[in-house]
Each structure stands twice: as C-alpha cells, then as structure tokens.
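Novice: See target.tsv below, with TSV, N, CA and C atoms.
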```tsv
chain	number	residue	atom	x	y	z
A	1	PRO	N	37.75	-26.69	-0.70
A	1	PRO	CA	36.46	-26.45	-0.08
A	1	PRO	C	36.47	-25.15	0.73
A	2	ILE	N	35.32	-24.54	0.79
A	2	ILE	CA	35.17	-23.28	1.53
A	2	ILE	C	34.85	-23.61	2.99
A	3	SER	N	35.53	-22.89	3.89
A	3	SER	CA	35.30	-23.15	5.31
A	3	SER	C	33.97	-22.55	5.77
A	4	ASP	N	33.48	-23.04	6.92
A	4	ASP	CA	32.23	-22.50	7.49
A	4	ASP	C	32.37	-21.01	7.78
A	5	GLU	N	33.55	-20.59	8.24
A	5	GLU	CA	33.78	-19.18	8.55
A	5	GLU	C	33.59	-18.31	7.30
A	6	GLU	N	34.12	-18.77	6.16
A	6	GLU	CA	33.97	-18.02	4.92
A	6	GLU	C	32.51	-18.00	4.46
A	7	LEU	N	31.82	-19.13	4.59
A	7	LEU	CA	30.41	-19.20	4.21
A	7	LEU	C	29.56	-18.27	5.07
A	8	VAL	N	29.82	-18.27	6.37
A	8	VAL	CA	29.08	-17.39	7.29
A	8	VAL	C	29.27	-15.94	6.86
A	9	GLY	N	30.51	-15.57	6.58
A	9	GLY	CA	30.80	-14.20	6.14
A	9	GLY	C	30.09	-13.85	4.84
A	10	LYS	N	30.13	-14.75	3.89
A	10	LYS	CA	29.47	-14.50	2.60
A	10	LYS	C	27.95	-14.39	2.76
A	11	ILE	N	27.38	-15.26	3.58
A	11	ILE	CA	25.93	-15.20	3.79
A	11	ILE	C	25.55	-13.88	4.44
A	12	LEU	N	26.29	-13.48	5.48
A	12	LEU	CA	25.97	-12.23	6.17
A	12	LEU	C	26.08	-11.02	5.24
A	13	ARG	N	27.07	-11.04	4.35
A	13	ARG	CA	27.24	-9.92	3.42
A	13	ARG	C	26.19	-9.90	2.32
A	14	SER	N	25.62	-11.05	2.00
A	14	SER	CA	24.69	-11.13	0.87
A	14	SER	C	23.22	-10.93	1.27
A	15	LEU	N	22.94	-10.77	2.55
A	15	LEU	CA	21.55	-10.63	2.99
A	15	LEU	C	20.98	-9.28	2.59
A	16	PRO	N	19.66	-9.20	2.37
A	16	PRO	CA	19.02	-7.92	2.04
A	16	PRO	C	19.03	-6.96	3.23
A	17	LYS	N	18.72	-5.71	2.93
A	17	LYS	CA	18.76	-4.63	3.93
A	17	LYS	C	17.95	-4.92	5.18
A	18	ARG	N	16.81	-5.59	5.03
A	18	ARG	CA	15.94	-5.81	6.19
A	18	ARG	C	16.61	-6.66	7.26
A	19	PHE	N	17.73	-7.32	6.91
A	19	PHE	CA	18.47	-8.14	7.87
A	19	PHE	C	19.63	-7.38	8.51
A	20	ASP	N	19.84	-6.12	8.17
A	20	ASP	CA	20.99	-5.37	8.67
A	20	ASP	C	21.10	-5.39	10.19
A	21	ILE	N	19.97	-5.21	10.87
A	21	ILE	CA	19.99	-5.18	12.33
A	21	ILE	C	20.43	-6.53	12.88
A	22	LYS	N	19.91	-7.59	12.31
A	22	LYS	CA	20.25	-8.94	12.76
A	22	LYS	C	21.71	-9.26	12.47
A	23	VAL	N	22.20	-8.85	11.30
A	23	VAL	CA	23.60	-9.10	10.95
A	23	VAL	C	24.51	-8.41	11.95
A	24	THR	N	24.20	-7.17	12.29
A	24	THR	CA	25.01	-6.44	13.26
A	24	THR	C	24.99	-7.14	14.61
A	25	ALA	N	23.82	-7.58	15.03
A	25	ALA	CA	23.70	-8.28	16.32
A	25	ALA	C	24.52	-9.57	16.31
A	26	ILE	N	24.47	-10.31	15.22
A	26	ILE	CA	25.24	-11.56	15.13
A	26	ILE	C	26.73	-11.27	15.17
A	27	GLU	N	27.16	-10.26	14.43
A	27	GLU	CA	28.58	-9.93	14.39
A	27	GLU	C	29.09	-9.50	15.76
A	28	GLU	N	28.27	-8.78	16.52
A	28	GLU	CA	28.71	-8.31	17.83
A	28	GLU	C	28.61	-9.39	18.90
A	29	ALA	N	27.64	-10.29	18.78
A	29	ALA	CA	27.40	-11.27	19.84
A	29	ALA	C	28.20	-12.56	19.66
A	30	HIS	N	28.60	-12.87	18.46
A	30	HIS	CA	29.25	-14.15	18.20
A	30	HIS	C	30.65	-13.95	17.64
A	31	ASP	N	31.51	-14.92	17.92
A	31	ASP	CA	32.79	-15.01	17.25
A	31	ASP	C	32.50	-15.70	15.92
A	32	LEU	N	32.60	-14.96	14.83
A	32	LEU	CA	32.21	-15.51	13.53
A	32	LEU	C	33.04	-16.72	13.13
A	33	SER	N	34.25	-16.84	13.66
A	33	SER	CA	35.07	-18.00	13.31
A	33	SER	C	34.55	-19.28	13.96
A	34	SER	N	33.80	-19.14	15.06
A	34	SER	CA	33.27	-20.34	15.72
A	34	SER	C	31.77	-20.52	15.49
A	35	LEU	N	31.15	-19.61	14.74
A	35	LEU	CA	29.71	-19.70	14.48
A	35	LEU	C	29.44	-20.80	13.46
A	36	ASN	N	28.62	-21.74	13.85
A	36	ASN	CA	28.26	-22.87	13.01
A	36	ASN	C	27.28	-22.39	11.93
A	37	LEU	N	27.39	-22.92	10.74
A	37	LEU	CA	26.53	-22.54	9.62
A	37	LEU	C	25.06	-22.84	9.93
A	38	ASP	N	24.79	-23.97	10.57
A	38	ASP	CA	23.41	-24.33	10.92
A	38	ASP	C	22.83	-23.36	11.94
A	39	GLU	N	23.64	-22.92	12.90
A	39	GLU	CA	23.17	-21.95	13.90
A	39	GLU	C	22.82	-20.63	13.21
A	40	LEU	N	23.66	-20.21	12.29
A	40	LEU	CA	23.41	-18.96	11.57
A	40	LEU	C	22.11	-19.04	10.78
A	41	ILE	N	21.93	-20.10	10.04
A	41	ILE	CA	20.72	-20.24	9.22
A	41	ILE	C	19.48	-20.31	10.11
A	42	GLY	N	19.56	-21.04	11.21
A	42	GLY	CA	18.43	-21.10	12.14
A	42	GLY	C	18.09	-19.74	12.72
A	43	SER	N	19.11	-19.00	13.09
A	43	SER	CA	18.90	-17.66	13.64
A	43	SER	C	18.27	-16.73	12.61
A	44	LEU	N	18.74	-16.80	11.38
A	44	LEU	CA	18.19	-15.95	10.32
A	44	LEU	C	16.75	-16.33	9.98
A	45	GLN	N	16.46	-17.62	9.98
A	45	GLN	CA	15.09	-18.06	9.70
A	45	GLN	C	14.14	-17.59	10.80
A	46	THR	N	14.57	-17.70	12.05
A	46	THR	CA	13.75	-17.24	13.17
A	46	THR	C	13.48	-15.74	13.06
A	47	TYR	N	14.51	-14.99	12.71
A	47	TYR	CA	14.36	-13.54	12.56
A	47	TYR	C	13.38	-13.22	11.43
A	48	GLU	N	13.49	-13.94	10.32
A	48	GLU	CA	12.60	-13.70	9.18
A	48	GLU	C	11.14	-14.02	9.53
A	49	ILE	N	10.93	-15.08	10.28
A	49	ILE	CA	9.56	-15.42	10.71
A	49	ILE	C	9.00	-14.29	11.58
A	50	GLY	N	9.83	-13.78	12.48
A	50	GLY	CA	9.41	-12.65	13.32
A	50	GLY	C	9.08	-11.42	12.51
A	51	LEU	N	9.90	-11.13	11.49
A	51	LEU	CA	9.62	-9.99	10.62
A	51	LEU	C	8.28	-10.15	9.91
A	52	ASN	N	8.04	-11.34	9.40
A	52	ASN	CA	6.79	-11.60	8.69
A	52	ASN	C	5.58	-11.45	9.62
A	53	ARG	N	5.70	-11.92	10.84
A	53	ARG	CA	4.60	-11.79	11.80
A	53	ARG	C	4.32	-10.32	12.11
A	54	ARG	N	5.39	-9.55	12.33
A	54	ARG	CA	5.21	-8.11	12.62
A	54	ARG	C	4.57	-7.40	11.44
A	55	ASN	N	4.96	-7.77	10.22
A	55	ASN	CA	4.36	-7.14	9.04
A	55	ASN	C	2.89	-7.50	8.91
A	56	GLU	N	2.53	-8.75	9.24
A	56	GLU	CA	1.12	-9.14	9.19
A	56	GLU	C	0.31	-8.35	10.21
A	57	LYS	N	0.84	-8.20	11.42
A	57	LYS	CA	0.14	-7.43	12.45
A	57	LYS	C	-0.01	-5.98	12.02
A	58	LYS	N	1.05	-5.43	11.40
A	58	LYS	CA	1.01	-4.04	10.96
A	58	LYS	C	-0.07	-3.86	9.90
A	59	ASP	N	-0.18	-4.83	8.99
A	59	ASP	CA	-1.21	-4.75	7.95
A	59	ASP	C	-2.60	-4.81	8.56
A	60	LYS	N	-2.80	-5.66	9.56
A	60	LYS	CA	-4.10	-5.75	10.22
A	60	LYS	C	-4.41	-4.45	10.95
A	61	ASN	N	-3.41	-3.88	11.62
A	61	ASN	CA	-3.62	-2.63	12.35
A	61	ASN	C	-3.97	-1.49	11.40
A	62	LEU	N	-3.38	-1.50	10.22
A	62	LEU	CA	-3.70	-0.45	9.25
A	62	LEU	C	-5.15	-0.53	8.82
A	63	ALA	N	-5.67	-1.74	8.72
A	63	ALA	CA	-7.07	-1.90	8.33
A	63	ALA	C	-7.99	-1.33	9.40
A	64	PHE	N	-7.64	-1.50	10.67
A	64	PHE	CA	-8.46	-0.98	11.75
A	64	PHE	C	-8.20	0.50	11.99
A	65	ALA	N	-7.07	1.00	11.54
A	65	ALA	CA	-6.69	2.38	11.84
A	65	ALA	C	-7.45	3.40	11.01
A	66	SER	N	-7.99	3.00	9.88
A	66	SER	CA	-8.70	3.98	9.06
A	66	SER	C	-9.99	4.38	9.78
A	67	LYS	N	-10.13	5.68	10.00
A	67	LYS	CA	-11.27	6.19	10.76
A	67	LYS	C	-12.15	7.04	9.87
A	68	SER	N	-13.40	7.11	10.26
A	68	SER	CA	-14.31	7.99	9.53
A	68	SER	C	-14.15	9.40	10.07
A	69	GLY	N	-14.68	10.38	9.37
A	69	GLY	CA	-14.60	11.77	9.80
A	69	GLY	C	-15.25	11.99	11.16
A	70	ALA	N	-16.35	11.30	11.43
A	70	ALA	CA	-17.04	11.45	12.72
A	70	ALA	C	-16.16	10.97	13.86
A	71	ASP	N	-15.47	9.85	13.66
A	71	ASP	CA	-14.58	9.34	14.70
A	71	ASP	C	-13.47	10.35	15.01
A	72	GLU	N	-12.91	10.94	13.96
A	72	GLU	CA	-11.85	11.92	14.16
A	72	GLU	C	-12.37	13.15	14.88
A	73	GLN	N	-13.60	13.57	14.58
A	73	GLN	CA	-14.17	14.74	15.24
A	73	GLN	C	-14.38	14.45	16.73
A	74	ILE	N	-14.88	13.27	17.05
A	74	ILE	CA	-15.08	12.90	18.45
A	74	ILE	C	-13.74	12.89	19.18
A	75	GLU	N	-12.73	12.34	18.54
A	75	GLU	CA	-11.41	12.30	19.16
A	75	GLU	C	-10.88	13.70	19.38
A	76	SER	N	-11.07	14.59	18.40
A	76	SER	CA	-10.62	15.97	18.51
A	76	SER	C	-11.33	16.67	19.66
A	77	GLU	N	-12.65	16.45	19.79
A	77	GLU	CA	-13.40	17.06	20.88
A	77	GLU	C	-12.91	16.53	22.22
A	78	GLY	N	-12.57	15.27	22.27
A	78	GLY	CA	-12.04	14.68	23.50
A	78	GLY	C	-10.71	15.31	23.89
A	79	GLU	N	-9.86	15.57	22.90
A	79	GLU	CA	-8.58	16.21	23.16
A	79	GLU	C	-8.77	17.63	23.66
A	80	GLU	N	-9.74	18.36	23.08
A	80	GLU	CA	-10.02	19.72	23.53
A	80	GLU	C	-10.51	19.70	24.97
A	81	SER	N	-11.40	18.77	25.29
A	81	SER	CA	-11.93	18.65	26.64
A	81	SER	C	-10.79	18.34	27.62
A	82	LEU	N	-9.89	17.48	27.23
A	82	LEU	CA	-8.75	17.15	28.07
A	82	LEU	C	-7.87	18.37	28.29
A	83	ALA	N	-7.63	19.15	27.24
A	83	ALA	CA	-6.81	20.35	27.36
A	83	ALA	C	-7.47	21.35	28.31
A	84	GLU	N	-8.80	21.50	28.20
A	84	GLU	CA	-9.51	22.42	29.10
A	84	GLU	C	-9.41	21.93	30.54
A	85	SER	N	-9.56	20.65	30.76
A	85	SER	CA	-9.47	20.09	32.11
A	85	SER	C	-8.08	20.30	32.69
A	86	MET	N	-7.07	20.11	31.87
A	86	MET	CA	-5.69	20.32	32.33
A	86	MET	C	-5.45	21.78	32.69
A	87	ALA	N	-5.98	22.70	31.89
A	87	ALA	CA	-5.82	24.12	32.17
A	87	ALA	C	-6.51	24.48	33.48
A	88	MET	N	-7.72	23.96	33.71
A	88	MET	CA	-8.44	24.24	34.94
A	88	MET	C	-7.69	23.67	36.14
A	89	LEU	N	-7.15	22.49	36.01
A	89	LEU	CA	-6.37	21.89	37.08
A	89	LEU	C	-5.15	22.75	37.40
A	90	GLY	N	-4.50	23.27	36.37
A	90	GLY	CA	-3.36	24.15	36.58
A	90	GLY	C	-3.75	25.41	37.33
A	91	ARG	N	-4.89	26.01	36.98
A	91	ARG	CA	-5.35	27.22	37.66
A	91	ARG	C	-5.65	26.92	39.13
A	92	GLN	N	-6.32	25.80	39.38
A	92	GLN	CA	-6.64	25.43	40.76
A	92	GLN	C	-5.36	25.18	41.57
A	93	PHE	N	-4.39	24.57	40.96
A	93	PHE	CA	-3.12	24.32	41.64
A	93	PHE	C	-2.43	25.64	41.98
A	94	ASN	N	-2.44	26.59	41.04
A	94	ASN	CA	-1.83	27.89	41.30
A	94	ASN	C	-2.52	28.60	42.46
A	95	LYS	N	-3.86	28.55	42.51
A	95	LYS	CA	-4.61	29.16	43.62
A	95	LYS	C	-4.21	28.53	44.94
A	96	LEU	N	-4.11	27.22	44.96
A	96	LEU	CA	-3.73	26.51	46.17
A	96	LEU	C	-2.34	26.92	46.63
A	97	MET	N	-1.42	27.03	45.69
A	97	MET	CA	-0.06	27.42	46.04
A	97	MET	C	-0.01	28.84	46.60
A	98	LYS	N	-0.82	29.75	46.07
A	98	LYS	CA	-0.88	31.11	46.59
A	98	LYS	C	-1.40	31.10	48.02
A	99	LYS	N	-2.43	30.29	48.30
A	99	LYS	CA	-2.98	30.20	49.66
A	99	LYS	C	-1.95	29.64	50.62
A	100	VAL	N	-1.20	28.64	50.18
A	100	VAL	CA	-0.17	28.05	51.04
A	100	VAL	C	0.91	29.08	51.34
A	101	ASP	N	1.29	29.90	50.35
A	101	ASP	CA	2.31	30.93	50.55
A	101	ASP	C	1.82	32.02	51.49
A	102	GLN	N	0.50	32.30	51.53
A	102	GLN	CA	-0.04	33.38	52.36
A	102	GLN	C	-0.25	32.95	53.81
A	103	ARG	N	-0.23	31.68	54.09
A	103	ARG	CA	-0.43	31.21	55.47
A	103	ARG	C	0.71	31.69	56.35
A	104	PRO	N	0.39	32.06	57.58
A	104	PRO	CA	1.46	32.50	58.49
A	104	PRO	C	2.42	31.35	58.79
A	105	LYS	N	3.66	31.68	58.82
A	105	LYS	CA	4.68	30.67	59.10
A	105	LYS	C	4.84	30.54	60.61
A	106	SER	N	4.96	29.33	61.12
A	106	SER	CA	5.10	29.18	62.56
A	106	SER	C	6.50	28.76	62.95
```
For this file, produce the structure as structure tokens.

Specialist:
Amino acid sequence: PISDEELVGKILRSLPKRFDIKVTAIEEAHDLSSLNLDELIGSLQTYEIGLNRRNEKKDKNLAFASKSGADEQIESEGEESLAESMAMLGRQFNKLMKKVDQRPKS
C-alpha cells in the first residue's frame, strides 16, 4: 500500500499550473510527512472554490468595464482638468515658498 506521504506528494505534483501558488504554500507551511490526505484535499478544494469565485467576479467586472466612446472622452477631460489643477497648485506653492524665503529672518 502507498503511504499518505507518498499520495500527498503525488497529488501535489499532478496538480495543474493554476495550483502552483497553493502547492508552494502547502510545501512551505506544512511538514508533508505529517500532512493528512483529507486535510490536503480540503485545502485544495477550498482554494479551487476561491479561484472560481474570483474568476466569476472578474467576468462580471469585464462586462461592466466596457465603456462607450463618450464615457472615455469624459474621463479623459477629467484627467486633463486634474492635471491642470495640479499644475496650478504647484505654481501657487512655488510662489508661497518664494514669499517665505523673502521674509526677513528674525
């Protein structure tokens, strides 16, 4: 019969690429010789459920992310306005610093 340690090793090696991060975490966090097969399977199932949920959210976000040309133009104008405001703030700050430097020192 194959020991749990051998089964754990075989399962970890046979997982698809999307589990690489989880496999590394398991190998670093657990002593594989004492890792129970049921614990491993439970951990992998939990990770897979999380992956599926993130993928579903990503798909929903992609549906909302598509913008019309008008939306992009408004956003671009907003960015330009922000850049102009930042430039004006910088100029005002420089003027203030010059005035502070010109004040007589006591």

Novice: Could you name the residues that touch segment 22-29 of chain A at 12 Å or less, counting only C-alpha atoms, but leaving out those on the same chain fewer than 5 positions away, as a ChimeraX atom specification?

Specialist: /A:8-17,34-36,39-41,43-48,50-51

Novice: Work out how far apart atom N of Ser33 of chain A and atom N of Arg53 of chain A are and give it in Å to one decimal.

Specialist: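 Interatomic distance here is 29.1 Å.
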
Novice: Could you state the separation of atom C of Ala83 of chain A and atom C of Lys99 of chain A in Å, given to one decimal place?

Specialist: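 One can read the atom C of Ala83 of chain A to atom C of Lys99 of chain A distance as 24.4 Å.
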